[in-house]
>>> print(open('protein-v4.txt').read())   # compact mmCIF, C-alpha atoms
# COMPACT_ATOMS: atom_id res chain seq x y z
CA MET A 1 6.88 -26.38 14.51
CA ALA A 2 5.35 -24.15 17.19
CA GLU A 3 1.96 -25.08 18.63
CA PRO A 4 0.18 -21.96 17.24
CA ALA A 5 1.31 -22.95 13.74
CA ARG A 6 0.04 -26.53 14.21
CA GLU A 7 -3.31 -25.22 15.38
CA GLU A 8 -3.45 -22.84 12.44
CA LEU A 9 -2.82 -25.66 9.96
CA SER A 10 -5.69 -27.68 11.47
CA ALA A 11 -7.98 -24.65 11.29
CA LEU A 12 -7.01 -23.92 7.68
CA ALA A 13 -7.68 -27.54 6.67
CA ALA A 14 -11.17 -27.20 8.20
CA ILE A 15 -11.86 -23.79 6.57
CA PHE A 16 -10.65 -24.70 3.07
CA CYS A 17 -12.43 -28.04 2.89
CA GLY A 18 -13.86 -27.74 -0.63
CA PRO A 19 -12.59 -29.92 -3.52
CA ASP A 20 -8.86 -29.21 -4.05
CA GLU A 21 -9.01 -26.01 -1.95
CA TRP A 22 -6.33 -27.23 0.47
CA LYS A 23 -3.27 -29.42 -0.03
CA VAL A 24 -0.13 -29.95 2.06
CA LEU A 25 2.77 -30.13 -0.39
CA SER A 26 5.56 -30.99 2.09
CA ARG A 27 6.33 -31.28 5.80
CA SER A 28 9.85 -31.27 7.18
CA GLU A 29 11.42 -31.19 10.64
CA THR A 30 14.06 -28.79 9.28
CA ASP A 31 12.27 -26.74 6.60
CA GLY A 32 8.75 -26.41 7.99
CA THR A 33 5.51 -26.94 6.08
CA VAL A 34 4.53 -25.97 2.54
CA PHE A 35 0.85 -25.98 1.54
CA ARG A 36 -1.39 -24.69 -1.20
CA ILE A 37 -4.73 -22.90 -1.00
CA LEU A 38 -6.98 -22.45 -4.03
CA THR A 39 -9.33 -19.48 -3.74
CA LYS A 40 -10.98 -16.75 -5.81
CA ALA A 41 -11.01 -12.98 -5.58
CA GLU A 42 -12.75 -10.20 -7.51
CA GLY A 43 -10.55 -8.89 -10.32
CA LEU A 44 -10.51 -5.63 -12.28
CA MET A 45 -13.57 -6.42 -14.40
CA GLY A 46 -15.63 -7.65 -11.47
CA ALA A 47 -15.18 -11.31 -12.46
CA ASP A 48 -13.74 -13.86 -10.06
CA VAL A 49 -10.01 -14.50 -10.53
CA PRO A 50 -8.85 -18.00 -9.47
CA LEU A 51 -5.74 -17.77 -7.26
CA GLU A 52 -3.31 -20.48 -6.22
CA LEU A 53 -1.54 -19.33 -3.06
CA VAL A 54 1.41 -21.39 -1.84
CA PHE A 55 2.60 -20.73 1.72
CA HIS A 56 5.84 -21.95 3.28
CA LEU A 57 5.76 -21.81 7.08
CA PRO A 58 9.33 -22.02 8.42
CA LEU A 59 10.00 -23.64 11.80
CA ASN A 60 10.08 -20.31 13.65
CA TYR A 61 6.76 -19.10 12.10
CA PRO A 62 4.80 -17.03 13.18
CA SER A 63 7.80 -15.17 14.63
CA CYS A 64 8.99 -14.74 11.03
CA LEU A 65 7.18 -14.16 7.75
CA PRO A 66 5.90 -17.09 5.71
CA GLY A 67 7.16 -17.66 2.19
CA ILE A 68 4.41 -16.85 -0.31
CA SER A 69 4.01 -17.51 -4.02
CA VAL A 70 1.04 -16.50 -6.18
CA HIS A 71 -0.09 -18.18 -9.39
CA SER A 72 -3.05 -17.48 -11.66
CA GLU A 73 -3.70 -17.94 -15.36
CA HIS A 74 -5.68 -14.69 -15.20
CA LEU A 75 -2.72 -12.58 -13.96
CA THR A 76 0.47 -11.51 -15.69
CA ARG A 77 3.76 -12.40 -14.04
CA ALA A 78 4.18 -8.77 -12.95
CA GLN A 79 0.70 -8.76 -11.38
CA SER A 80 1.43 -12.02 -9.53
CA VAL A 81 4.66 -10.52 -8.16
CA THR A 82 2.78 -7.40 -7.04
CA VAL A 83 0.12 -9.49 -5.27
CA LYS A 84 2.88 -11.44 -3.51
CA GLU A 85 4.63 -8.22 -2.42
CA LYS A 86 1.38 -6.76 -1.07
CA LEU A 87 0.65 -9.97 0.85
CA LEU A 88 4.12 -9.94 2.41
CA LYS A 89 3.70 -6.28 3.34
CA GLN A 90 0.39 -7.14 4.97
CA ALA A 91 2.04 -10.07 6.75
CA GLU A 92 4.54 -7.69 8.39
CA ASN A 93 1.63 -6.16 10.33
CA LEU A 94 0.61 -9.60 11.63
CA LEU A 95 4.00 -10.92 12.83
CA SER A 96 4.01 -13.21 15.87
CA GLU A 97 0.41 -14.35 15.33
CA PRO A 98 -1.08 -16.93 12.94
CA MET A 99 -1.76 -14.95 9.78
CA VAL A 100 -2.47 -17.17 6.76
CA HIS A 101 -6.26 -17.00 6.99
CA GLU A 102 -6.07 -13.23 7.51
CA LEU A 103 -3.88 -12.91 4.40
CA VAL A 104 -6.25 -15.01 2.28
CA LEU A 105 -9.22 -12.92 3.44
CA TRP A 106 -7.27 -9.73 2.76
CA ILE A 107 -6.43 -10.64 -0.85
CA GLN A 108 -10.01 -11.82 -1.47
CA GLN A 109 -11.21 -8.36 -0.45
CA ASN A 110 -8.38 -6.30 -1.98
CA LEU A 111 -7.23 -8.01 -5.20
CA ARG A 112 -9.10 -5.51 -7.36
CA HIS A 113 -7.42 -2.54 -5.62
CA VAL A 114 -3.99 -4.20 -5.80
CA LEU A 115 -4.33 -4.79 -9.56
CA ASN A 116 -5.60 -1.25 -10.09
CA GLN A 117 -2.38 0.30 -8.78
CA PRO A 118 0.04 1.67 -11.37
CA ASP A 119 2.95 -0.62 -10.44
CA THR A 120 1.09 -3.71 -11.70
CA GLY A 121 1.26 -2.45 -15.28
CA SER A 122 -2.46 -3.10 -15.80
CA GLY A 123 -3.93 0.11 -17.12
CA SER A 124 -1.37 2.39 -15.52
CA ALA A 125 -1.26 4.63 -18.59
CA LYS A 126 -5.02 5.20 -18.39
CA CYS A 127 -4.75 6.20 -14.76
CA THR A 128 -1.92 8.62 -15.48
CA PHE A 129 -3.59 10.33 -18.41
CA ALA A 130 -6.97 10.53 -16.71
CA THR A 131 -5.51 12.97 -14.18
CA GLY A 132 -4.59 15.40 -16.95
CA THR A 133 -1.19 16.07 -15.39
CA ILE A 134 0.75 14.94 -18.46
CA VAL A 135 0.96 17.30 -21.40
CA ASP A 136 0.89 15.88 -24.93
CA ASP A 137 4.11 17.29 -26.31
CA GLY A 138 5.36 15.69 -29.49
CA PRO A 139 4.34 12.49 -31.27
CA TRP A 140 3.49 9.30 -29.43
CA LEU A 141 4.54 5.80 -30.41
CA THR A 142 2.68 2.55 -29.71
CA LEU A 143 3.16 -1.09 -30.66
CA VAL A 144 0.11 -3.31 -31.21
CA HIS A 145 0.49 -7.10 -31.17
CA LEU A 146 -2.07 -9.05 -33.23
CA ASP A 147 -2.90 -12.66 -32.41
CA HIS A 148 -3.89 -13.59 -35.94
CA MET A 149 -4.92 -12.16 -39.31
CA ARG A 150 -7.71 -13.90 -41.20
CA ALA A 151 -7.77 -12.02 -44.52
CA LYS A 152 -4.39 -10.35 -44.95
CA THR A 153 -5.27 -8.07 -47.90
CA LYS A 154 -8.50 -6.84 -46.30
CA TYR A 155 -6.81 -6.38 -42.94
CA VAL A 156 -3.89 -4.34 -44.37
CA LYS A 157 -6.37 -2.11 -46.23
CA THR A 158 -8.37 -1.56 -43.02
CA VAL A 159 -5.21 -0.64 -41.09
CA GLU A 160 -4.10 1.79 -43.83
CA THR A 161 -7.53 3.50 -43.92
CA TRP A 162 -7.67 3.66 -40.13
CA ALA A 163 -4.15 5.12 -39.85
CA SER A 164 -4.84 7.65 -42.61
CA ASP A 165 -8.12 8.81 -41.01
CA LEU A 166 -6.37 9.34 -37.68
CA LYS A 167 -3.34 11.05 -39.27
CA LEU A 168 -1.03 8.31 -38.01
CA THR A 169 2.08 6.94 -39.63
CA GLY A 170 2.92 3.33 -39.10
CA ARG A 171 4.44 0.08 -40.14
CA LEU A 172 2.92 -3.41 -40.31
CA MET A 173 5.54 -6.02 -39.44
CA PHE A 174 5.48 -9.80 -39.86
CA MET A 175 8.14 -11.45 -37.71
CA GLY A 176 7.73 -15.20 -38.05
CA LYS A 177 4.32 -15.93 -36.54
CA MET A 178 4.24 -12.58 -34.74
CA ILE A 179 2.25 -9.71 -36.31
CA LEU A 180 2.99 -6.18 -35.05
CA ILE A 181 1.68 -2.74 -35.94
CA LEU A 182 3.90 0.22 -35.03
CA LEU A 183 2.02 3.53 -34.94
CA GLN A 184 3.13 7.13 -34.44
CA GLY A 185 0.98 10.24 -34.08
CA ASP A 186 -0.93 12.43 -31.63
CA ARG A 187 -1.62 10.77 -28.27
CA SER A 188 -5.39 11.30 -28.60
CA ASN A 189 -5.45 9.43 -31.93
CA ILE A 190 -3.51 6.37 -30.76
CA LYS A 191 -6.32 4.04 -29.72
CA VAL A 192 -7.08 0.58 -31.05
CA PRO A 193 -10.75 0.35 -32.07
CA LYS A 194 -12.48 -2.93 -31.20
CA SER A 195 -13.80 -3.13 -34.77
CA LEU A 196 -10.23 -3.60 -35.97
CA MET A 197 -9.77 -6.63 -33.72
CA SER A 198 -12.69 -8.45 -35.32
CA THR A 199 -11.64 -7.79 -38.92
>>> encode(input="protein-v4.txt", output="structure tokens")
Amino acid sequence: MAEPAREELSALAAIFCGPDEWKVLSRSETDGTVFRILTKAEGLMGADVPLELVFHLPLNYPSCLPGISVHSEHLTRAQSVTVKEKLLKQAENLLSEPMVHELVLWIQQNLRHVLNQPDTGSGSAKCTFATGTIVDDGPWLTLVHLDHMRAKTKYVKTVETWASDLKLTGRLMFMGKMILILLQGDRSNIKVPKSLMST
């Protein structure tokens, strides 16, 4: 491993010195070093999102990009992949110099913006419709997944009333333990009220 990389590892161990913040997972004369950093970054709702960032520094790092993987219970798989891609893109601008600390700082400051982009699948529809560039032509279809149903009879009645009031047609489906509501109607009427979730 090159001297700059060794120095960077020592610096990182000193920076991320909190409980469990830093852990070397493997060191190899042929494969380089793999380590994990636990950190937090501001998410979409302003709350801190815990991130587990695993970096693999190959022997010729920093002349080549590190391997990066991103894990968080607060992110979907697609969001984790997007964060990883953005980090690698950022890393391309830092080639030939130690970059791990820069990348961690960058994601701490930019996670919210990364998650807000349409390709993460988190609220992309809202962003698209907010611009007013899409015209509502024809009926819209949406599928709602319910976690549970406490009082089935009452719940079905609520859904029927709600769909009727909004001039929606739909179907309530029970597939094993999965409960789905399929709705069709005008785009402006296809919204899931919070009151329905607490029924």
>>> atom_distance(input="protein-v4.txt", atom1="atom CA of Thr142 of chain A", atom2="atom CA of Lys154 of chain A")
22.1 Å
>>> closest_residue(input="protein-v4.txt", among="A:Cys17, A:Leu44, A:Leu182, A:Ala91", to="His113 of chain A", atoms="all atoms listed in the file")
A:Leu44
>>> residues_around(input="protein-v4.txt", residues="Phe16 of chain A", least_positions_apart="3", cutoff="10 Å", atoms="all atoms listed in the file", output="VMD selection string")
chain A and resid 11 to 13 19 to 23 37 to 39 101
>>> atom_distance(input="protein-v4.txt", atom1="atom CA of Pro62 of chain A", atom2="atom CA of Ser80 of chain A")
23.5 Å
>>> atom_distance(input="protein-v4.txt", atom1="atom CA of Gln79 of chain A", atom2="atom CA of Arg36 of chain A")
19.0 Å
